[in-house]
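Encoded as structure tokens, the structure appears first; notes follow it.
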Amino acid sequence: MKNQLEQLTGKQLAEVDRQFSLYSSGAVEIIPEEELKHKIAKSVLIKKPLKIKLGLDPSAPDVHLGHTVVLNKLRQFQDNGHVIQLIIGDFTGKIGDPTGKSIARKQLTNEEVQHNAQTYFQQFSKVIQMEEVELHYNSKWHSKLHFEDVINLAGKITVARLMERDDFEERLALKKPISLHEFFYPLMQGYDSVILENDIELGGTDQHFNILMGRHFQEKFGKEKQVAILMPLLEGLDGVEKMSKSKNNYIGIDELPNNIYGKAMSIPDELMLKYFELVTDFSPDQIQTLQHDLKNNILHPRDAKMLLGRTIVRMYHDQQAAEEAELRFKSIFQKRELPTDIPTVHWQGSRSITVIDLLIVLDLLGSKSEARRMIQNGGIKMNGEKILDIHAVIIIADDLIIQVGKRIYRKLKCN
């Protein structure tokens with residue numbers, strides 16, 4: 001490998017450095033960094049694309065910006081001519097990845113896996129060129145293994161190594177059950193890398209253990225070991241928790257332009273640069289310029305956030321939608337005008353109802369505890385007036401306008 005590096009021309013070395021800098025940008029850890037550089041150099045020298053693996057167990061098919069952190073990194077490899085290998089865990093998905101779980105994960109049916117996989121493909125096409133992706137279903141090789149093959153595979157790793165996983169270790173300490181089949185998940189994910197002979201595997205930091213299993217088993221089977229690129233987990237709109245639909249702190253890539261833009265404007269200022277780096281198509285040089293301009297008060301944080309909102313909408317819709325979403329946001333929130341397209345709800349219930357029950361009935365918030373918090377934080381308005389009493393009773397009237405947070409409106413019509 002070193003001899004190959006020495007064979008590179010100055011122009012080729014510059015290309016290696018460019019790609020290495022691009023792929024390293026935003027990554028939490030590359031294991032090991034030097035091997036990544038060697039793999040890029042070999043690819044440049046012999047003009048052979050690298051094979052980049054991303055494994056998916058399609059258990060939750062709604063894609064949000066947190067998922068695109070890894071997808072954007074895949075796109076960078078794809079833009080440079082490398083091959084993306086998407087592994088659909090139709091076999092491993094029936095077991096369920098135990099990562100971060102205090103109990104065994106629900107096992108998926110064939111129908112659920114197939115449906116979720118198709119939903120993934122539709123949404124992924126907004127980020128990467130799906131027609132150029134290698135699609136693999138790991139049942140193709142896992143379902144053909146005999147029990148003797150499974151025993152041989154298990155014999156290539158120790159129980160002590162498996163117990164290094166934080167979630168297994170914690171469950172054992174708390175005397176919570178660990179089913180034997182859960183130990184096989186990282187083994188099978190590692191075996192995927194053996195079959196595909198991929199050069200690099202991408203994943204979030206929560207996949208650290210599983211991805212290193214690929215390196216382990218490739219070595220055990222006499223293959224060239226993959227490099228692990230671990231990407232950060234993106235904090236959601238609350239700035240604290242990992243972006244998640246269940247925590248209602250997410251931006252979905254299939255959401256309407258106005259929703260995406262409005263949500264982007266609520267991203268905490270301290271996370272703006274991280275979002276630019278991880279979920280937009282900005283280059284490292286552009287991000288460095290943004291950082292410089294913000295630090296030196298050349299660019300106002302509000303203007304940077306508006307640029308972020310426009311960029312995200314443009315990426316998942318188009319430029320016109322981005323401009324229209326920004327104009328709408330300015331007219332509503334900067335000029336304090338009400339939107340002209342407030343959804344109307346025809347009310348057929350009682351003419352008096354507690355504010356919490358009203359929010360739940362209209363499905364504006366997911367739980368009574370969430371509604372209480374929103375009220376206490378001043379996030380609920382009725383006809384423009386804040387409701388601060390969690391026990392308040394609302395008198396239902398025609399054209400009553402309910403506002404939740406900065407972006408959600410409903411108008412009631414009485415039948």
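To be explicit about the labels: the chains of the structure tokens are called A, B, and onward in the order shown, and within each one the residues are counted from 1, while ligands get numbers from 1 in the order they are shown.
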Counting only C-alpha atoms, which residues of stretch 239-265 of chain A fall within 12 Å of stretch 294-311 of chain A, and what is the closest atom pair for each with its distance in Å at one decimal, ordered by chain and rising number, as CSV?
```
residue,atom,partner,partner_atom,distance
A:Ile251,CA,A:Gly309,CA,10.9
A:Pro257,CA,A:Arg310,CA,9.2
A:Asn258,CA,A:Gly309,CA,9.6
A:Asn259,CA,A:Gly309,CA,10.0
A:Ile260,CA,A:Gly309,CA,7.2
A:Tyr261,CA,A:Gly309,CA,4.7
A:Gly262,CA,A:Gly309,CA,7.6
A:Lys263,CA,A:Gly309,CA,8.1
A:Ala264,CA,A:Gly309,CA,5.1
A:Met265,CA,A:Lys305,CA,6.0
```
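Residues within 12 Å of A:Tyr137, counting only C-alpha atoms and excluding same-chain residues fewer than 6 positions away, are Leu54, Gly55, Leu56, Asp57, Pro58, Gln85, Leu86, Ile87, Ile88, Gly89, Asp90, Phe91, Thr92, Gly93, Asn110, Val113, Gln114, Ala117, Ser143, Gln189, Asp192, Ile195 and Leu196 of chain A.
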Keeping only C-alpha atoms, write those residues as a compact mmCIF listing (two decimals), in the first residue's frame.
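In the end it all went to out37.txt:
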```txt
# COMPACT_ATOMS: atom_id res chain seq x y z
CA LEU A 54 -24.68 1.12 4.94
CA GLY A 55 -26.81 -1.46 6.72
CA LEU A 56 -30.50 -0.85 7.33
CA ASP A 57 -32.96 -2.71 9.49
CA PRO A 58 -36.12 -0.97 8.30
CA GLN A 85 -23.98 -0.79 -1.04
CA LEU A 86 -27.29 -0.58 0.84
CA ILE A 87 -27.89 -3.69 2.91
CA ILE A 88 -31.54 -4.24 3.74
CA GLY A 89 -31.73 -6.34 6.87
CA ASP A 90 -34.71 -8.44 5.88
CA PHE A 91 -33.07 -11.28 7.81
CA THR A 92 -31.43 -9.35 10.67
CA GLY A 93 -34.50 -7.15 10.95
CA ASN A 110 -41.52 -10.22 6.20
CA VAL A 113 -39.65 -5.35 6.40
CA GLN A 114 -40.61 -5.19 2.70
CA ALA A 117 -37.75 -0.93 2.82
CA SER A 143 -30.99 -17.91 4.97
CA GLN A 189 -23.99 -7.68 10.55
CA ASP A 192 -22.55 -9.01 5.78
CA ILE A 195 -19.88 -11.40 1.90
CA LEU A 196 -19.82 -7.95 0.26
```
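For the set A:Lys126, A:Lys245, A:Lys51, A:Lys274, the residue with the smallest atom-to-atom gap to A:Thr68 is A:Lys126, counting only C-alpha atoms.
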Identify, with DSSP run on backbone atoms, the residues in stretch 202-369 of chain A assigned to helix (DSSP H, G or I), and express the list as a VMD selection string. chain A and resid 205 to 220 257 to 264 269 to 279 284 to 295 301 to 316 319 to 334 355 to 361 368 to 369
Here is a test: counting only C-alpha atoms, which residue of A:Leu172, A:Lys42, A:Lys242, A:Leu230 is nearest to A:Ser24? A:Leu230
Based on the backbone DSSP call, show me all residues of stretch 110-322 of chain A assigned strand (DSSP E or B), as a JSON list (two decimals) with N, CA, C and O atoms, in the first residue's frame.
```json
[["chain", "number", "residue", "atom", "x", "y", "z"],
["A", 134, "GLU", "N", -26.14, -0.20, -5.19],
["A", 134, "GLU", "CA", -26.26, -1.66, -5.10],
["A", 134, "GLU", "C", -27.18, -2.00, -3.93],
["A", 134, "GLU", "O", -26.90, -1.65, -2.80],
["A", 135, "LEU", "N", -28.28, -2.67, -4.23],
["A", 135, "LEU", "CA", -29.21, -3.08, -3.18],
["A", 135, "LEU", "C", -29.02, -4.55, -2.87],
["A", 135, "LEU", "O", -29.01, -5.39, -3.78],
["A", 136, "HIS", "N", -28.86, -4.86, -1.60],
["A", 136, "HIS", "CA", -28.69, -6.25, -1.18],
["A", 136, "HIS", "C", -29.64, -6.54, -0.02],
["A", 136, "HIS", "O", -29.75, -5.74, 0.90],
["A", 137, "TYR", "N", -30.28, -7.68, -0.07],
["A", 137, "TYR", "CA", -31.09, -8.17, 1.05],
["A", 137, "TYR", "C", -30.29, -9.30, 1.70],
["A", 137, "TYR", "O", -29.94, -10.28, 1.05],
["A", 200, "ILE", "N", -15.50, 0.30, 3.18],
["A", 200, "ILE", "CA", -15.85, 1.26, 4.22],
["A", 200, "ILE", "C", -17.27, 0.98, 4.66],
["A", 200, "ILE", "O", -18.14, 0.66, 3.84],
["A", 201, "GLU", "N", -17.51, 1.11, 5.96],
["A", 201, "GLU", "CA", -18.88, 1.03, 6.46],
["A", 201, "GLU", "C", -19.19, 2.30, 7.23],
["A", 201, "GLU", "O", -18.40, 2.77, 8.06],
["A", 202, "LEU", "N", -20.37, 2.87, 6.93],
["A", 202, "LEU", "CA", -20.83, 4.09, 7.59],
["A", 202, "LEU", "C", -21.91, 3.77, 8.60],
["A", 202, "LEU", "O", -22.67, 2.80, 8.45],
["A", 203, "GLY", "N", -21.99, 4.60, 9.63],
["A", 203, "GLY", "CA", -23.05, 4.46, 10.61],
["A", 203, "GLY", "C", -22.93, 5.54, 11.68],
["A", 203, "GLY", "O", -21.93, 6.27, 11.73],
["A", 204, "GLY", "N", -23.96, 5.64, 12.51],
["A", 204, "GLY", "CA", -23.90, 6.57, 13.63],
["A", 204, "GLY", "C", -23.01, 6.04, 14.73],
["A", 204, "GLY", "O", -22.62, 4.87, 14.73],
["A", 227, "VAL", "N", -12.86, 0.07, 6.75],
["A", 227, "VAL", "CA", -12.68, 1.23, 7.61],
["A", 227, "VAL", "C", -14.05, 1.65, 8.12],
["A", 227, "VAL", "O", -15.04, 1.64, 7.38],
["A", 228, "ALA", "N", -14.12, 1.99, 9.39],
["A", 228, "ALA", "CA", -15.38, 2.46, 10.00],
["A", 228, "ALA", "C", -15.40, 3.98, 10.04],
["A", 228, "ALA", "O", -14.45, 4.60, 10.54],
["A", 229, "ILE", "N", -16.46, 4.57, 9.49],
["A", 229, "ILE", "CA", -16.66, 6.02, 9.62],
["A", 229, "ILE", "C", -17.92, 6.22, 10.45],
["A", 229, "ILE", "O", -19.02, 5.83, 10.04],
["A", 230, "LEU", "N", -17.74, 6.80, 11.62],
["A", 230, "LEU", "CA", -18.83, 6.97, 12.57],
["A", 230, "LEU", "C", -19.27, 8.43, 12.59],
["A", 230, "LEU", "O", -18.47, 9.33, 12.85],
["A", 231, "MET", "N", -20.54, 8.64, 12.30],
["A", 231, "MET", "CA", -21.10, 9.98, 12.24],
["A", 231, "MET", "C", -21.85, 10.31, 13.52],
["A", 231, "MET", "O", -22.38, 9.41, 14.18],
["A", 235, "GLU", "N", -28.73, 16.24, 17.31],
["A", 235, "GLU", "CA", -29.70, 16.71, 18.29],
["A", 235, "GLU", "C", -30.91, 17.29, 17.56],
["A", 235, "GLU", "O", -30.79, 17.88, 16.50],
["A", 242, "LYS", "N", -31.54, 13.35, 21.03],
["A", 242, "LYS", "CA", -31.33, 12.93, 19.66],
["A", 242, "LYS", "C", -32.62, 13.13, 18.86],
["A", 242, "LYS", "O", -33.71, 12.88, 19.38],
["A", 252, "GLY", "N", -38.95, 16.19, 9.31],
["A", 252, "GLY", "CA", -39.07, 15.10, 8.34],
["A", 252, "GLY", "C", -38.77, 15.59, 6.93],
["A", 252, "GLY", "O", -39.18, 16.70, 6.56]]
```
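Distances here use only C-alpha atoms; by that measure, the residue among A:Arg165, A:Lys140, A:Lys73, A:His391 closest to A:Asp281 is A:Lys73.
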For A:Lys37, find every residue with an atom within 9 Å (counting only C-alpha atoms), except residues of its own chain fewer than 6 positions away, and show them as an mmCIF file with N, CA, C and O atoms, in the first residue's frame.
```
data_model
loop_
_atom_site.group_PDB
_atom_site.id
_atom_site.type_symbol
_atom_site.label_atom_id
_atom_site.label_comp_id
_atom_site.auth_asym_id
_atom_site.auth_seq_id
_atom_site.Cartn_x
_atom_site.Cartn_y
_atom_site.Cartn_z
ATOM 1 N N VAL A 16 -6.354 12.726 -3.455
ATOM 2 C CA VAL A 16 -6.487 11.902 -2.241
ATOM 3 C C VAL A 16 -6.755 12.799 -1.031
ATOM 4 O O VAL A 16 -7.656 12.535 -0.223
ATOM 5 N N ASP A 17 -5.992 13.873 -0.926
ATOM 6 C CA ASP A 17 -6.165 14.795 0.199
ATOM 7 C C ASP A 17 -7.549 15.439 0.174
ATOM 8 O O ASP A 17 -8.187 15.620 1.223
ATOM 9 N N GLN A 19 -10.387 14.232 -1.169
ATOM 10 C CA GLN A 19 -11.415 13.268 -0.775
ATOM 11 C C GLN A 19 -11.322 12.945 0.718
ATOM 12 O O GLN A 19 -12.339 12.857 1.403
ATOM 13 N N PHE A 20 -10.123 12.781 1.224
ATOM 14 C CA PHE A 20 -9.956 12.463 2.642
ATOM 15 C C PHE A 20 -10.534 13.581 3.512
ATOM 16 O O PHE A 20 -11.235 13.323 4.494
#
```
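Look at stretch 78-80 of chain A: the protein and nucleic acid residues within 12 Å of it, using only C-alpha atoms and passing over chain neighbours fewer than 6 places away, are Glu15, Val16, Arg18, Gln19, Phe20, Leu22, Tyr23, Ile40, Ser43, Val44, Lys47, Lys48, Pro49, Leu50, Lys51, Ile52, Lys53, Leu71, Asn72, Val127, Ile128, Gln129, Met130, Glu131, Glu132, Val133, Glu134 and Asp281 of chain A.
Separating atom CA of A:Leu212 from atom CA of A:Arg171 is a distance of 21.2 Å.
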